[in-house]
Every structure is written in structure tokens, then in C-alpha cells.
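*Asks:* Okay, so here is start.txt, and as you'll see once you scroll down, it has compact mmCIF, C-alpha atoms.
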```txt
# COMPACT_ATOMS: atom_id res chain seq x y z
CA ASP A 1 19.01 7.07 29.37
CA VAL A 2 16.67 5.20 27.05
CA ASN A 3 17.33 1.52 26.61
CA MET A 4 16.74 0.70 22.90
CA ASP A 5 15.66 -2.88 23.69
CA ASP A 6 12.99 -1.59 26.09
CA PHE A 7 11.91 1.00 23.52
CA LEU A 8 11.59 -1.62 20.76
CA LEU A 9 9.67 -3.97 23.03
CA SER A 10 7.38 -1.13 24.01
CA SER A 11 6.85 -0.22 20.33
CA GLU A 12 6.09 -3.87 19.47
CA ARG A 13 3.58 -4.03 22.35
CA ILE A 14 1.87 -0.90 21.09
CA ASN A 15 1.70 -2.22 17.52
CA SER A 16 0.34 -5.54 18.74
CA ALA A 17 -2.26 -3.85 20.94
CA LEU A 18 -3.41 -1.63 18.07
CA LEU A 19 -3.74 -4.61 15.72
CA ASN A 20 -5.68 -6.48 18.42
CA HIS A 21 -8.09 -3.54 18.42
CA HIS A 22 -8.38 -3.73 14.58
CA ILE A 23 -6.37 -0.52 13.99
CA ASN A 24 -3.64 -0.03 11.39
CA PHE A 25 -1.75 2.82 9.73
CA LEU A 26 -0.95 3.73 6.14
CA SER A 27 1.74 6.37 6.40
CA GLY A 28 4.55 7.58 4.22
CA GLU A 29 4.75 6.82 0.54
CA ILE A 30 2.22 4.46 -1.01
CA THR A 31 4.29 1.62 -2.41
CA GLU A 32 3.80 -2.05 -3.17
CA GLU A 33 5.38 -2.84 0.21
CA SER A 34 3.25 -0.45 2.29
CA VAL A 35 0.03 -1.48 0.53
CA THR A 36 0.83 -5.20 0.82
CA GLU A 37 1.07 -4.82 4.60
CA ILE A 38 -2.41 -3.25 4.73
CA ILE A 39 -3.86 -5.80 2.26
CA ARG A 40 -2.51 -8.67 4.38
CA TRP A 41 -4.04 -7.09 7.48
CA ILE A 42 -7.47 -6.70 5.82
CA ALA A 43 -7.31 -10.27 4.44
CA TYR A 44 -6.43 -11.62 7.90
CA GLU A 45 -9.17 -9.57 9.58
CA ASN A 46 -11.67 -10.98 7.07
CA THR A 47 -10.87 -14.51 8.32
CA LEU A 48 -12.01 -13.63 11.84
CA GLU A 49 -15.59 -14.24 12.84
CA THR A 50 -16.41 -10.76 14.03
CA GLU A 51 -18.16 -7.76 12.57
CA VAL A 52 -16.04 -5.19 14.42
CA PRO A 53 -15.11 -2.47 11.91
CA LEU A 54 -11.48 -1.99 10.92
CA THR A 55 -9.85 1.40 11.44
CA LEU A 56 -7.25 2.67 8.99
CA PHE A 57 -5.37 5.87 9.81
CA ILE A 58 -3.93 7.54 6.71
CA ASN A 59 -1.08 10.05 6.72
CA SER A 60 0.47 10.01 3.26
CA MET A 61 1.50 12.37 0.50
CA GLY A 62 0.60 9.63 -1.99
CA GLY A 63 2.69 7.46 -4.22
CA SER A 64 1.93 4.62 -6.62
CA LEU A 65 -1.57 4.93 -8.05
CA THR A 66 -1.68 1.31 -9.20
CA ASP A 67 -0.72 0.10 -5.72
CA ALA A 68 -3.44 2.36 -4.26
CA PHE A 69 -5.95 0.75 -6.63
CA ALA A 70 -4.91 -2.70 -5.34
CA LEU A 71 -5.71 -1.58 -1.79
CA ILE A 72 -8.97 0.11 -2.87
CA ASP A 73 -10.14 -3.12 -4.55
CA ILE A 74 -9.49 -5.04 -1.32
CA MET A 75 -11.26 -2.36 0.74
CA HIS A 76 -14.31 -2.45 -1.53
CA ASN A 77 -14.47 -6.25 -1.31
CA SER A 78 -13.88 -6.60 2.43
CA HIS A 79 -16.84 -7.98 4.36
CA ARG A 80 -15.46 -6.07 7.35
CA LYS A 81 -16.36 -2.39 7.26
CA ILE A 82 -13.31 -0.12 7.03
CA ARG A 83 -13.35 3.29 8.71
CA THR A 84 -10.74 5.78 7.50
CA PHE A 85 -9.15 8.57 9.49
CA GLY A 86 -7.24 11.22 7.51
CA ILE A 87 -4.52 12.94 9.51
CA GLY A 88 -1.48 15.01 8.59
CA ASN A 89 -1.42 14.57 4.80
CA VAL A 90 -4.09 12.98 2.63
CA MET A 91 -2.80 13.58 -0.87
CA SER A 92 -2.82 12.11 -4.35
CA ALA A 93 -3.18 8.30 -4.24
CA ALA A 94 -3.78 8.48 -0.47
CA PHE A 95 -6.75 10.76 -1.18
CA LEU A 96 -8.39 7.93 -3.16
CA VAL A 97 -7.66 5.37 -0.44
CA PHE A 98 -9.09 7.67 2.23
CA THR A 99 -12.31 8.33 0.38
CA SER A 100 -12.77 4.58 -0.26
CA GLY A 101 -13.50 4.03 3.41
CA LEU A 102 -17.02 3.26 4.62
CA LYS A 103 -19.45 6.10 3.88
CA GLY A 104 -20.48 7.69 7.14
CA GLU A 105 -17.22 6.53 8.78
CA ARG A 106 -14.58 8.66 6.99
CA TYR A 107 -13.06 11.06 9.51
CA ILE A 108 -10.78 13.99 8.71
CA GLY A 109 -8.54 15.93 11.07
CA LYS A 110 -9.14 19.67 11.20
CA ASN A 111 -5.43 20.31 10.48
CA THR A 112 -5.07 17.81 7.63
CA SER A 113 -3.56 18.91 4.31
CA ILE A 114 -5.65 17.48 1.48
CA MET A 115 -4.74 17.42 -2.21
CA CYS A 116 -5.96 15.56 -5.28
CA HIS A 117 -5.03 15.72 -8.94
CA GLN A 118 -5.19 13.97 -12.27
CA TYR A 119 -2.71 11.25 -13.07
CA THR A 120 -0.22 12.53 -15.61
CA GLY A 121 2.58 10.01 -15.60
CA GLU A 122 5.68 10.33 -17.72
CA ILE A 123 5.18 9.59 -21.38
CA TYR A 124 8.27 9.02 -23.51
CA GLY A 125 9.59 6.62 -26.10
CA LYS A 126 8.72 5.51 -29.61
CA HIS A 127 5.36 6.26 -31.18
CA HIS A 128 3.80 2.88 -30.32
CA ASP A 129 5.09 3.20 -26.74
CA LEU A 130 3.60 6.70 -26.49
CA THR A 131 0.25 5.42 -27.71
CA ALA A 132 0.23 2.58 -25.16
CA GLN A 133 1.31 4.89 -22.31
CA PHE A 134 -1.34 7.44 -23.25
CA LYS A 135 -4.00 4.69 -23.24
CA GLU A 136 -2.90 3.59 -19.74
CA THR A 137 -2.91 7.21 -18.49
CA GLU A 138 -6.46 7.60 -19.77
CA SER A 139 -7.42 4.32 -18.08
CA LEU A 140 -5.94 5.37 -14.74
CA ASN A 141 -7.78 8.70 -14.84
CA ARG A 142 -11.02 6.86 -15.72
CA ARG A 143 -10.55 4.57 -12.70
CA MET A 144 -9.93 7.60 -10.47
CA VAL A 145 -13.23 9.12 -11.61
CA ASP A 146 -15.00 5.80 -10.95
CA VAL A 147 -13.58 5.55 -7.40
CA LEU A 148 -14.64 9.13 -6.66
CA LYS A 149 -18.13 8.62 -8.14
CA ARG A 150 -18.63 5.61 -5.89
CA ALA A 151 -17.31 7.46 -2.84
CA THR A 152 -19.05 10.82 -3.24
CA TYR A 153 -22.21 10.60 -5.35
CA LEU A 154 -20.81 13.48 -7.42
CA ASP A 155 -21.32 13.17 -11.16
CA GLU A 156 -18.40 12.71 -13.55
CA LYS A 157 -18.49 16.29 -14.83
CA THR A 158 -18.32 17.72 -11.30
CA ILE A 159 -15.51 15.33 -10.32
CA LYS A 160 -13.42 16.30 -13.34
CA ARG A 161 -14.05 20.02 -12.82
CA ARG A 162 -13.81 20.19 -9.03
CA LEU A 163 -11.46 17.34 -8.04
CA LEU A 164 -9.45 16.33 -11.12
CA PRO A 165 -8.71 19.43 -13.22
CA PRO A 166 -5.28 19.78 -14.89
CA SER A 167 -3.71 21.39 -11.79
CA ASP A 168 -3.44 20.21 -8.17
CA VAL A 169 -6.55 20.82 -6.07
CA TRP A 170 -6.02 21.73 -2.42
CA LEU A 171 -9.05 21.29 -0.21
CA THR A 172 -9.85 22.25 3.34
CA PRO A 173 -11.23 19.64 5.73
CA GLN A 174 -14.60 21.43 5.58
CA GLU A 175 -14.61 21.26 1.78
CA VAL A 176 -14.02 17.50 1.78
CA ILE A 177 -16.97 17.09 4.13
CA ASP A 178 -19.14 19.37 1.97
CA LEU A 179 -18.18 17.37 -1.16
CA GLY A 180 -18.95 14.02 0.49
CA ILE A 181 -15.31 12.87 0.47
CA ALA A 182 -15.23 12.78 4.27
CA ASP A 183 -18.16 12.48 6.63
CA ASN A 184 -17.02 13.82 10.00
CA PHE A 185 -14.26 15.71 11.74
CA ILE A 186 -12.03 13.84 14.16
CA SER A 187 -13.14 15.24 17.51
```
Translate the structure of the given file into C-alpha cells.
*Replies:*
Amino acid sequence: DVNMDDFLLSSERINSALLNHHINFLSGEITEESVTEIIRWIAYENTLETEVPLTLFINSMGGSLTDAFALIDIMHNSHRKIRTFGIGNVMSAAFLVFTSGLKGERYIGKNTSIMCHQYTGEIYGKHHDLTAQFKETESLNRRMVDVLKRATYLDEKTIKRRLLPPSDVWLTPQEVIDLGIADNFIS
């Protein structure tokens, strides 16, 4: 028999030990709540007087693009280097978070499913609402290109053709290394 109190205490000890070693996880759907937890962790780690890199494991099918951008902004402005490890699923908004890790320190699992795509959103409403929503959709896609340019050294034309065409793009772990999205395999 498993005692739930012992299990929970054990789980809390594991979480605490991982955080003490500067390791955290972004898993499941990217939401305001899940991103806020990681942002708080990065902000806290930036108050410590150490240069030990942070490690962020990512296993997510994506979610809110605007929440992902909030996390990416914090990652780009962290004085602590952030290594990313892509495992399981690295898709959609999670793809952008993964590739925003420190160049040279972005690791991908050999069995990871990787997918990226344009932001399409849902556009509906009156004419002026459609115009505003279309403008925001264009802005979000522009920001995606900018994040990928910074992360990969690919030019805009290549990014739009290879990573952000109208349909979903499924990539192998080797392809993401070849494109400069990831740097190394998890060994």
C-alpha cells in the first residue's frame, strides 16, 4: 500500500531538490498560470548571487502564444543563462520557448515530437473588429519570425518558408539541430 501523505511529501522533496539545483519544468498547456510559475522562478533566480545556469525542461503541445511571449521576454532579459531541454512534445508556442534558450545549450530528446506553425487565431465579428484582429494576427506572426531569427540566424524568408508556412511543420530532432533551433541531443 502507498501512503498518500508519504507520496506527497516525497514529491515535495523532489520538487524542492530540483529547484535547489536550478531546474524547473514547463509541461502541459502554456497558460498564464503555467508561465507565471516559470517567470516567478526566473525572477527569483535572478536575485541570487550566482552564475549557475538555469535548466528548463519543456514538454508541451503549446497553448497561449501571448503567454509564451511573456516568458520569452523574461528569458531574453535574464542575467542567468537558461538552458532548455525539449522532451516529449515541443510544439507550437512551446517550440518558441524552447528555441529561446541559450544558444549552445538547447538540448533535444531523440524521441521528441516537434511542430511549429503560423499563428492563425479566430477572426470573427464586425468589420472594424475583423480589421483589428487581423492586425494583431499579423503582429503575432511578425513577433514569431523575430524570435526565430534571433534564435537561429536564419533569414526571414527561410523562416517563413521552412518553419512558418500555412500548414503545420513537423520536424525531426536532427532537423531542429541542422536548422539551429536546437544545439545538441540529450545523451
*Asks:* Excluding Val52 (chain A) and residues on its chain fewer than 4 positions from it, collect all residues at most 10 Å away from it, counting all atoms listed in the file, and give them as an MDAnalysis selection string.
*Replies:* chainID A and resid 21:22 45 48 80:82
*Asks:* For Ser60 (chain A), find every residue with an atom within 7 Å (counting only C-alpha atoms), except residues of its own chain fewer than 5 positions away, and show them as JSON, numbers by chain.
*Replies:* {"A": [27, 28, 29, 89, 90, 91, 94]}
*Asks:* In Å, with one decimal, what is the gap from CA of Leu71 (chain A) to CA of Arg150 (chain A)?
*Replies:*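 We find that CA of Leu71 (chain A) and CA of Arg150 (chain A) lie 15.3 Å from each other.
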*Asks:* Could you check the closest approach to Glu175 (chain A) for each of A:Ser34, A:Thr66, A:Ser100, A:Ser113 and tell me which residue wins, using all atoms listed in the file?
*Replies:*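 So, comparing all the options, the nearest one is A:Ser113.
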*Asks:* In Å, rounded to a single decimal, give me how far CA of Leu148 (chain A) is from CA of Thr99 (chain A).
*Replies:* 7.5 Å
*Asks:* Could you state the separation of CA of Thr36 (chain A) and CA of Ala70 (chain A) in Å, given to one decimal place?
*Replies:*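 Spanning CA of Thr36 (chain A) to CA of Ala70 (chain A) is a straight-line distance of 8.8 Å.
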*Asks:* Starting from the incomplete input, reconstruct N, CA and C atoms of region 56-85 of chain A and report them as a PDB file, in the coordinates of the input.
*Replies:*
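Final output, saved to part_23.pdb:
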```
ATOM      1  N   LEU A  56      -8.478   2.384   9.714  1.00  0.00           N
ATOM      2  CA  LEU A  56      -7.250   2.670   8.990  1.00  0.00           C
ATOM      3  C   LEU A  56      -6.948   4.159   9.068  1.00  0.00           C
ATOM      4  N   PHE A  57      -5.854   4.488   9.768  1.00  0.00           N
ATOM      5  CA  PHE A  57      -5.370   5.870   9.810  1.00  0.00           C
ATOM      6  C   PHE A  57      -4.492   6.100   8.603  1.00  0.00           C
ATOM      7  N   ILE A  58      -4.687   7.230   7.924  1.00  0.00           N
ATOM      8  CA  ILE A  58      -3.930   7.540   6.710  1.00  0.00           C
ATOM      9  C   ILE A  58      -3.226   8.875   6.896  1.00  0.00           C
ATOM     10  N   ASN A  59      -1.915   8.854   6.700  1.00  0.00           N
ATOM     11  CA  ASN A  59      -1.080  10.050   6.720  1.00  0.00           C
ATOM     12  C   ASN A  59      -0.049   9.862   5.623  1.00  0.00           C
ATOM     13  N   SER A  60      -0.387  10.296   4.408  1.00  0.00           N
ATOM     14  CA  SER A  60       0.470  10.010   3.260  1.00  0.00           C
ATOM     15  C   SER A  60       0.352  11.109   2.214  1.00  0.00           C
ATOM     16  N   MET A  61       1.487  11.414   1.600  1.00  0.00           N
ATOM     17  CA  MET A  61       1.500  12.370   0.500  1.00  0.00           C
ATOM     18  C   MET A  61       1.242  11.666  -0.830  1.00  0.00           C
ATOM     19  N   GLY A  62       0.937  10.364  -0.783  1.00  0.00           N
ATOM     20  CA  GLY A  62       0.600   9.630  -1.990  1.00  0.00           C
ATOM     21  C   GLY A  62       1.720   8.710  -2.422  1.00  0.00           C
ATOM     22  N   GLY A  63       1.707   8.374  -3.692  1.00  0.00           N
ATOM     23  CA  GLY A  63       2.690   7.460  -4.220  1.00  0.00           C
ATOM     24  C   GLY A  63       2.123   6.732  -5.425  1.00  0.00           C
ATOM     25  N   SER A  64       2.326   5.432  -5.474  1.00  0.00           N
ATOM     26  CA  SER A  64       1.930   4.620  -6.620  1.00  0.00           C
ATOM     27  C   SER A  64       0.415   4.506  -6.729  1.00  0.00           C
ATOM     28  N   LEU A  65      -0.125   5.000  -7.828  1.00  0.00           N
ATOM     29  CA  LEU A  65      -1.570   4.930  -8.050  1.00  0.00           C
ATOM     30  C   LEU A  65      -2.029   3.494  -8.250  1.00  0.00           C
ATOM     31  N   THR A  66      -1.265   2.700  -8.972  1.00  0.00           N
ATOM     32  CA  THR A  66      -1.680   1.310  -9.200  1.00  0.00           C
ATOM     33  C   THR A  66      -1.663   0.508  -7.896  1.00  0.00           C
ATOM     34  N   ASP A  67      -0.724   0.775  -7.016  1.00  0.00           N
ATOM     35  CA  ASP A  67      -0.720   0.100  -5.720  1.00  0.00           C
ATOM     36  C   ASP A  67      -1.909   0.574  -4.873  1.00  0.00           C
ATOM     37  N   ALA A  68      -2.254   1.851  -4.969  1.00  0.00           N
ATOM     38  CA  ALA A  68      -3.440   2.360  -4.260  1.00  0.00           C
ATOM     39  C   ALA A  68      -4.694   1.664  -4.767  1.00  0.00           C
ATOM     40  N   PHE A  69      -4.793   1.453  -6.085  1.00  0.00           N
ATOM     41  CA  PHE A  69      -5.950   0.750  -6.630  1.00  0.00           C
ATOM     42  C   PHE A  69      -6.041  -0.679  -6.108  1.00  0.00           C
ATOM     43  N   ALA A  70      -4.904  -1.345  -5.914  1.00  0.00           N
ATOM     44  CA  ALA A  70      -4.910  -2.700  -5.340  1.00  0.00           C
ATOM     45  C   ALA A  70      -5.554  -2.666  -3.950  1.00  0.00           C
ATOM     46  N   LEU A  71      -5.153  -1.705  -3.138  1.00  0.00           N
ATOM     47  CA  LEU A  71      -5.710  -1.580  -1.790  1.00  0.00           C
ATOM     48  C   LEU A  71      -7.203  -1.220  -1.856  1.00  0.00           C
ATOM     49  N   ILE A  72      -7.570  -0.305  -2.734  1.00  0.00           N
ATOM     50  CA  ILE A  72      -8.970   0.110  -2.870  1.00  0.00           C
ATOM     51  C   ILE A  72      -9.846  -1.087  -3.247  1.00  0.00           C
ATOM     52  N   ASP A  73      -9.373  -1.928  -4.173  1.00  0.00           N
ATOM     53  CA  ASP A  73     -10.140  -3.120  -4.550  1.00  0.00           C
ATOM     54  C   ASP A  73     -10.379  -4.023  -3.341  1.00  0.00           C
ATOM     55  N   ILE A  74      -9.354  -4.207  -2.524  1.00  0.00           N
ATOM     56  CA  ILE A  74      -9.490  -5.040  -1.320  1.00  0.00           C
ATOM     57  C   ILE A  74     -10.454  -4.374  -0.328  1.00  0.00           C
ATOM     58  N   MET A  75     -10.350  -3.071  -0.168  1.00  0.00           N
ATOM     59  CA  MET A  75     -11.260  -2.360   0.740  1.00  0.00           C
ATOM     60  C   MET A  75     -12.705  -2.514   0.284  1.00  0.00           C
ATOM     61  N   HIS A  76     -12.947  -2.358  -1.008  1.00  0.00           N
ATOM     62  CA  HIS A  76     -14.310  -2.450  -1.530  1.00  0.00           C
ATOM     63  C   HIS A  76     -14.874  -3.859  -1.403  1.00  0.00           C
ATOM     64  N   ASN A  77     -14.008  -4.866  -1.361  1.00  0.00           N
ATOM     65  CA  ASN A  77     -14.470  -6.250  -1.310  1.00  0.00           C
ATOM     66  C   ASN A  77     -14.349  -6.886   0.077  1.00  0.00           C
ATOM     67  N   SER A  78     -13.984  -6.106   1.063  1.00  0.00           N
ATOM     68  CA  SER A  78     -13.880  -6.600   2.430  1.00  0.00           C
ATOM     69  C   SER A  78     -15.286  -6.745   3.027  1.00  0.00           C
ATOM     70  N   HIS A  79     -15.541  -7.873   3.674  1.00  0.00           N
ATOM     71  CA  HIS A  79     -16.840  -7.980   4.360  1.00  0.00           C
ATOM     72  C   HIS A  79     -16.809  -7.204   5.672  1.00  0.00           C
ATOM     73  N   ARG A  80     -15.615  -6.917   6.159  1.00  0.00           N
ATOM     74  CA  ARG A  80     -15.460  -6.070   7.350  1.00  0.00           C
ATOM     75  C   ARG A  80     -15.507  -4.614   6.909  1.00  0.00           C
ATOM     76  N   LYS A  81     -16.279  -3.820   7.570  1.00  0.00           N
ATOM     77  CA  LYS A  81     -16.360  -2.390   7.260  1.00  0.00           C
ATOM     78  C   LYS A  81     -15.022  -1.737   7.624  1.00  0.00           C
ATOM     79  N   ILE A  82     -14.598  -0.773   6.806  1.00  0.00           N
ATOM     80  CA  ILE A  82     -13.310  -0.120   7.030  1.00  0.00           C
ATOM     81  C   ILE A  82     -13.536   1.381   7.189  1.00  0.00           C
ATOM     82  N   ARG A  83     -13.277   1.853   8.413  1.00  0.00           N
ATOM     83  CA  ARG A  83     -13.350   3.290   8.710  1.00  0.00           C
ATOM     84  C   ARG A  83     -11.995   3.895   8.366  1.00  0.00           C
ATOM     85  N   THR A  84     -12.001   5.100   7.793  1.00  0.00           N
ATOM     86  CA  THR A  84     -10.740   5.780   7.500  1.00  0.00           C
ATOM     87  C   THR A  84     -10.662   7.077   8.294  1.00  0.00           C
ATOM     88  N   PHE A  85      -9.450   7.349   8.753  1.00  0.00           N
ATOM     89  CA  PHE A  85      -9.150   8.570   9.490  1.00  0.00           C
ATOM     90  C   PHE A  85      -8.008   9.274   8.769  1.00  0.00           C
TER      91      PHE A  85
END
```
